[in-house]
Structures are given as C-alpha cells and as structure tokens.
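input-v1.tsv, holding TSV, N, CA and C atoms:
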chain	number	residue	atom	x	y	z
H	91	MET	N	10.50	28.27	26.95
H	91	MET	CA	10.17	27.97	25.57
H	91	MET	C	10.48	26.51	25.30
H	92	LYS	N	9.61	25.90	24.55
H	92	LYS	CA	9.86	24.51	24.17
H	92	LYS	C	9.38	24.30	22.75
H	93	GLY	N	9.93	23.28	22.11
H	93	GLY	CA	9.56	23.01	20.74
H	93	GLY	C	9.75	21.54	20.42
H	94	SER	N	9.31	21.17	19.23
H	94	SER	CA	9.40	19.78	18.82
H	94	SER	C	9.27	19.69	17.30
H	95	THR	N	9.65	18.53	16.77
H	95	THR	CA	9.46	18.26	15.35
H	95	THR	C	8.44	17.14	15.20
H	96	TYR	N	7.77	17.13	14.07
H	96	TYR	CA	6.79	16.09	13.78
H	96	TYR	C	6.65	15.95	12.27
H	97	LYS	N	6.07	14.84	11.85
H	97	LYS	CA	5.90	14.56	10.43
H	97	LYS	C	4.41	14.44	10.13
H	98	ARG	N	4.02	14.97	8.98
H	98	ARG	CA	2.63	14.88	8.56
H	98	ARG	C	2.54	14.93	7.04
H	99	CYS	N	1.35	14.66	6.51
H	99	CYS	CA	1.15	14.73	5.07
H	99	CYS	C	-0.18	15.40	4.78
H	100	LYS	N	-0.47	15.59	3.52
H	100	LYS	CA	-1.69	16.26	3.10
H	100	LYS	C	-2.73	15.29	2.55
H	101	CYS	N	-2.54	13.99	2.76
H	101	CYS	CA	-3.53	13.01	2.30
H	101	CYS	C	-4.88	13.29	2.97
H	102	ARG	N	-5.95	12.96	2.27
H	102	ARG	CA	-7.28	13.20	2.81
H	102	ARG	C	-8.01	11.87	2.98
H	103	GLY	N	-8.81	11.81	4.04
H	103	GLY	CA	-9.61	10.62	4.31
H	103	GLY	C	-10.90	10.65	3.52
H	104	VAL	N	-11.75	9.66	3.73
H	104	VAL	CA	-13.02	9.58	3.01
H	104	VAL	C	-13.94	10.75	3.34
H	105	ASN	N	-13.75	11.37	4.50
H	105	ASN	CA	-14.57	12.52	4.88
H	105	ASN	C	-14.04	13.83	4.31
H	106	GLY	N	-12.91	13.79	3.60
H	106	GLY	CA	-12.34	14.97	2.98
H	106	GLY	C	-11.36	15.73	3.86
H	107	LYS	N	-11.21	15.34	5.10
H	107	LYS	CA	-10.29	16.03	6.00
H	107	LYS	C	-8.88	15.46	5.87
H	108	GLU	N	-7.89	16.31	6.14
H	108	GLU	CA	-6.50	15.85	6.09
H	108	GLU	C	-6.24	14.79	7.15
H	109	LEU	N	-5.47	13.77	6.76
H	109	LEU	CA	-5.09	12.73	7.72
H	109	LEU	C	-3.92	13.20	8.60
H	110	ALA	N	-3.11	14.11	8.07
H	110	ALA	CA	-1.98	14.70	8.80
H	110	ALA	C	-1.07	13.62	9.36
H	111	SER	N	-0.91	13.55	10.67
H	111	SER	CA	0.01	12.58	11.28
H	111	SER	C	-0.62	11.20	11.42
H	112	ARG	N	-1.90	11.07	11.12
H	112	ARG	CA	-2.57	9.77	11.22
H	112	ARG	C	-2.50	8.95	9.92
H	113	CYS	N	-1.86	9.48	8.91
H	113	CYS	CA	-1.78	8.79	7.62
H	113	CYS	C	-1.01	7.48	7.77
H	114	PRO	N	-1.58	6.37	7.32
H	114	PRO	CA	-0.90	5.08	7.46
H	114	PRO	C	0.35	4.95	6.58
H	115	GLN	N	0.50	5.83	5.58
H	115	GLN	CA	1.66	5.75	4.70
H	115	GLN	C	2.90	6.44	5.26
H	116	LEU	N	2.76	7.16	6.38
H	116	LEU	CA	3.91	7.87	6.95
H	116	LEU	C	4.95	6.93	7.53
H	117	ARG	N	4.52	5.78	7.99
H	117	ARG	CA	5.44	4.82	8.62
H	117	ARG	C	5.40	3.48	7.87
H	118	HIS	N	6.55	2.79	7.90
H	118	HIS	CA	6.62	1.43	7.37
H	118	HIS	C	6.04	0.48	8.42
H	119	GLU	N	5.84	-0.77	8.07
H	119	GLU	CA	5.29	-1.75	9.00
H	119	GLU	C	6.11	-1.89	10.27
H	120	GLY	N	7.42	-1.75	10.17
H	120	GLY	CA	8.30	-1.87	11.32
H	120	GLY	C	8.28	-0.65	12.24
H	121	GLY	N	7.58	0.40	11.84
H	121	GLY	CA	7.50	1.60	12.66
H	121	GLY	C	8.45	2.71	12.26
H	122	THR	N	9.34	2.45	11.29
H	122	THR	CA	10.26	3.49	10.85
H	122	THR	C	9.55	4.45	9.92
H	123	TRP	N	10.07	5.67	9.84
H	123	TRP	CA	9.46	6.68	8.98
H	123	TRP	C	9.65	6.34	7.51
H	124	ASN	N	8.65	6.58	6.70
H	124	ASN	CA	8.73	6.41	5.26
H	124	ASN	C	9.33	7.69	4.69
H	125	PRO	N	10.54	7.64	4.13
H	125	PRO	CA	11.18	8.86	3.65
H	125	PRO	C	10.52	9.45	2.40
H	126	ARG	N	9.68	8.69	1.72
H	126	ARG	CA	9.06	9.15	0.48
H	126	ARG	C	7.65	9.69	0.67
H	127	HIS	N	7.21	9.81	1.91
H	127	HIS	CA	5.84	10.27	2.13
H	127	HIS	C	5.80	11.29	3.27
H	128	GLY	N	5.16	12.41	3.03
H	128	GLY	CA	5.01	13.44	4.05
H	128	GLY	C	6.23	14.34	4.16
H	129	THR	N	6.09	15.39	4.95
H	129	THR	CA	7.19	16.31	5.20
H	129	THR	C	7.29	16.60	6.69
H	130	TRP	N	8.43	17.14	7.09
H	130	TRP	CA	8.71	17.41	8.49
H	130	TRP	C	8.34	18.85	8.84
H	131	TYR	N	7.87	19.05	10.04
H	131	TYR	CA	7.47	20.35	10.57
H	131	TYR	C	8.11	20.54	11.95
H	132	PHE	N	8.10	21.78	12.41
H	132	PHE	CA	8.48	22.05	13.80
H	132	PHE	C	7.50	23.05	14.38
H	133	TYR	N	7.40	23.04	15.70
H	133	TYR	CA	6.67	24.09	16.39
H	133	TYR	C	7.53	24.56	17.56
H	134	LEU	N	7.35	25.83	17.89
H	134	LEU	CA	8.07	26.44	19.00
H	134	LEU	C	7.04	27.18	19.84
H	135	GLU	N	6.87	26.75	21.06
H	135	GLU	CA	5.95	27.39	21.99
H	135	GLU	C	6.71	28.52	22.68
H	136	LEU	N	6.25	29.76	22.47
H	136	LEU	CA	6.92	30.93	23.04
H	136	LEU	C	6.27	31.30	24.36
H	137	ASP	N	6.94	32.18	25.10
H	137	ASP	CA	6.34	32.70	26.32
H	137	ASP	C	5.07	33.46	25.97
H	138	ALA	N	4.14	33.53	26.90
H	138	ALA	CA	2.85	34.19	26.66
H	138	ALA	C	3.06	35.64	26.24
H	139	GLY	N	2.23	36.07	25.31
H	139	GLY	CA	2.30	37.44	24.81
H	139	GLY	C	1.44	38.37	25.63
H	140	PRO	N	1.17	39.54	25.10
H	140	PRO	CA	0.33	40.51	25.80
H	140	PRO	C	-1.03	39.92	26.15
H	141	GLY	N	-1.46	40.13	27.36
H	141	GLY	CA	-2.75	39.60	27.78
H	141	GLY	C	-2.72	38.11	28.07
H	142	GLY	N	-1.53	37.54	28.14
H	142	GLY	CA	-1.42	36.11	28.42
H	142	GLY	C	-1.77	35.21	27.24
H	143	LYS	N	-1.86	35.79	26.05
H	143	LYS	CA	-2.23	35.01	24.86
H	143	LYS	C	-1.11	34.08	24.44
H	144	ARG	N	-1.47	32.85	24.11
H	144	ARG	CA	-0.53	31.81	23.69
H	144	ARG	C	0.10	32.19	22.35
H	145	ARG	N	1.42	31.96	22.25
H	145	ARG	CA	2.13	32.23	21.01
H	145	ARG	C	2.89	30.98	20.58
H	146	ARG	N	2.71	30.61	19.31
H	146	ARG	CA	3.37	29.43	18.78
H	146	ARG	C	3.82	29.71	17.35
H	147	VAL	N	5.05	29.30	17.04
H	147	VAL	CA	5.58	29.40	15.68
H	147	VAL	C	5.57	27.99	15.11
H	148	ARG	N	5.00	27.85	13.90
H	148	ARG	CA	4.98	26.54	13.22
H	148	ARG	C	5.45	26.75	11.79
H	149	ARG	N	6.35	25.88	11.36
H	149	ARG	CA	6.85	25.91	9.99
H	149	ARG	C	7.00	24.48	9.50
H	150	GLY	N	6.86	24.29	8.19
H	150	GLY	CA	6.97	22.94	7.66
H	150	GLY	C	7.50	22.90	6.25
H	151	GLY	N	7.45	21.70	5.69
H	151	GLY	CA	7.92	21.48	4.34
H	151	GLY	C	9.36	21.02	4.26
H	152	PHE	N	9.92	20.61	5.39
H	152	PHE	CA	11.31	20.14	5.41
H	152	PHE	C	11.36	18.68	4.97
H	153	THR	N	12.35	18.36	4.14
H	153	THR	CA	12.44	17.00	3.61
H	153	THR	C	13.01	16.01	4.63
H	154	THR	N	13.76	16.53	5.62
H	154	THR	CA	14.34	15.65	6.63
H	154	THR	C	14.02	16.16	8.03
H	155	GLN	N	14.08	15.27	8.98
H	155	GLN	CA	13.88	15.66	10.37
H	155	GLN	C	15.02	16.58	10.82
H	156	GLU	N	16.21	16.31	10.33
H	156	GLU	CA	17.36	17.14	10.66
H	156	GLU	C	17.15	18.58	10.20
H	157	GLY	N	16.57	18.75	9.01
H	157	GLY	CA	16.28	20.10	8.51
H	157	GLY	C	15.29	20.83	9.40
H	158	ALA	N	14.26	20.12	9.85
H	158	ALA	CA	13.28	20.71	10.75
H	158	ALA	C	13.90	21.05	12.10
H	159	GLU	N	14.77	20.19	12.60
H	159	GLU	CA	15.44	20.45	13.88
H	159	GLU	C	16.36	21.66	13.78
H	160	ASN	N	17.06	21.81	12.65
H	160	ASN	CA	17.94	22.97	12.45
H	160	ASN	C	17.13	24.26	12.40
H	161	ALA	N	15.99	24.23	11.72
H	161	ALA	CA	15.13	25.41	11.64
H	161	ALA	C	14.54	25.74	13.01
H	162	LEU	N	14.19	24.72	13.79
H	162	LEU	CA	13.69	24.93	15.15
H	162	LEU	C	14.76	25.60	16.00
H	163	GLU	N	15.98	25.11	15.90
H	163	GLU	CA	17.09	25.69	16.67
H	163	GLU	C	17.33	27.14	16.28
H	164	ASP	N	17.23	27.43	14.97
H	164	ASP	CA	17.41	28.79	14.49
H	164	ASP	C	16.30	29.70	15.04
H	165	ALA	N	15.05	29.23	15.01
H	165	ALA	CA	13.93	30.03	15.53
H	165	ALA	C	14.09	30.26	17.03
H	166	LEU	N	14.54	29.25	17.76
H	166	LEU	CA	14.75	29.39	19.19
H	166	LEU	C	15.85	30.42	19.49
H	167	CYS	N	16.94	30.36	18.73
H	167	CYS	CA	18.03	31.33	18.91
H	167	CYS	C	17.54	32.75	18.63
H	168	ARG	N	16.73	32.91	17.58
H	168	ARG	CA	16.18	34.23	17.27
H	168	ARG	C	15.30	34.73	18.41
H	169	ALA	N	14.47	33.85	18.96
H	169	ALA	CA	13.58	34.25	20.06
H	169	ALA	C	14.39	34.64	21.29
H	170	LEU	N	15.44	33.91	21.59
H	170	LEU	CA	16.26	34.21	22.76
H	170	LEU	C	17.02	35.53	22.62
H	171	ARG	N	17.30	35.92	21.37
H	171	ARG	CA	17.97	37.20	21.13
H	171	ARG	C	16.98	38.36	21.07
H	172	GLY	N	15.69	38.07	21.22
H	172	GLY	CA	14.67	39.12	21.20
H	172	GLY	C	14.16	39.45	19.81
H	173	LEU	N	14.53	38.63	18.82
H	173	LEU	CA	14.06	38.84	17.46
H	173	LEU	C	12.79	38.04	17.21
H	174	ASP	N	12.09	38.35	16.13
H	174	ASP	CA	10.87	37.62	15.78
H	174	ASP	C	11.25	36.24	15.24
H	175	PRO	N	10.91	35.16	15.95
H	175	PRO	CA	11.29	33.83	15.48
H	175	PRO	C	10.49	33.36	14.28
H	176	GLY	N	9.41	34.04	13.96
H	176	GLY	CA	8.58	33.64	12.83
H	176	GLY	C	9.08	34.13	11.49
H	177	VAL	N	10.05	35.02	11.51
H	177	VAL	CA	10.62	35.56	10.27
H	177	VAL	C	11.75	34.64	9.83
H	178	ARG	N	11.75	34.30	8.57
H	178	ARG	CA	12.80	33.42	8.04
H	178	ARG	C	13.97	34.19	7.58
Starting from the file, lay out its structure as structure tokens.
Amino acid sequence: MKGSTYKRCKCRGVNGKELASRCPQLRHEGGTWNPRHGTWYFYLELDAGPGGKRRRVRRGGFTTQEGAENALEDALCRALRGLDPGVR
C-alpha cells in the first residue's frame, strides 16, 4: 500500500474544466504553497480487490498538509488492521 498528499483547488479554466493542481494561484512565485488558496487531499492505493480491480481511497478538504498526512496515516492504519479505510 502506498499513499501521498497533494494540493488542488476548484478554480475553472476558460473551457469550464477544473484547473485542480494546475491552478497558478496554488503556489507563490518562489514555488512555496499559497496557504490561502486550495485545499489538501490524500490518496491511498490499496492492494487489488476481487478480480484484481484497483482500489483507491481519496479524501480532501484539509486546510493543512499536516492534516492530510494525519488522515492518510489513520486510513493506512485502518487498512492494516483489516478495517475499511474509506470510513471516517
């Protein structure tokens, strides 16, 4: 199992699609994250399910990267104990 955190927003481009992680407002000119724009998410790639189907847990809306990392760790611990990691 592996997982990661990432930042994205709900801004939309001229075509109406979400910019997500490509939004230019997510980072400052120096490359640091803009704390006032976007929210943090995590994903956890689980072992393959029945029939070899890919399983992934994704959650978001965290105000800090630390919050997303803590939730990722909690989901991973739940999965390792045999519980459903998608349940909060």
Legend entry - All residues 10 Å or closer to Thr153 in chain H, only C-alpha atoms, same chain fewer than 6 positions away omitted, as JSON, numbers by chain: {"H": [97, 125, 126, 127, 128, 129, 130, 131]}
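Here CA of Arg168 in chain H and CA of Lys100 in chain H stand 29.0 Å from one another.
Across the structure, CA of Arg98 in chain H and atom C of Arg145 in chain H are spaced 20.1 Å apart.
By chain and then residue number, the residues within 8 Å of Glu135 in chain H are Met91, Lys92, Gly93, Arg145, Arg146 and Val147 of chain H, counting only C-alpha atoms and disregarding those fewer than 5 positions away in sequence.
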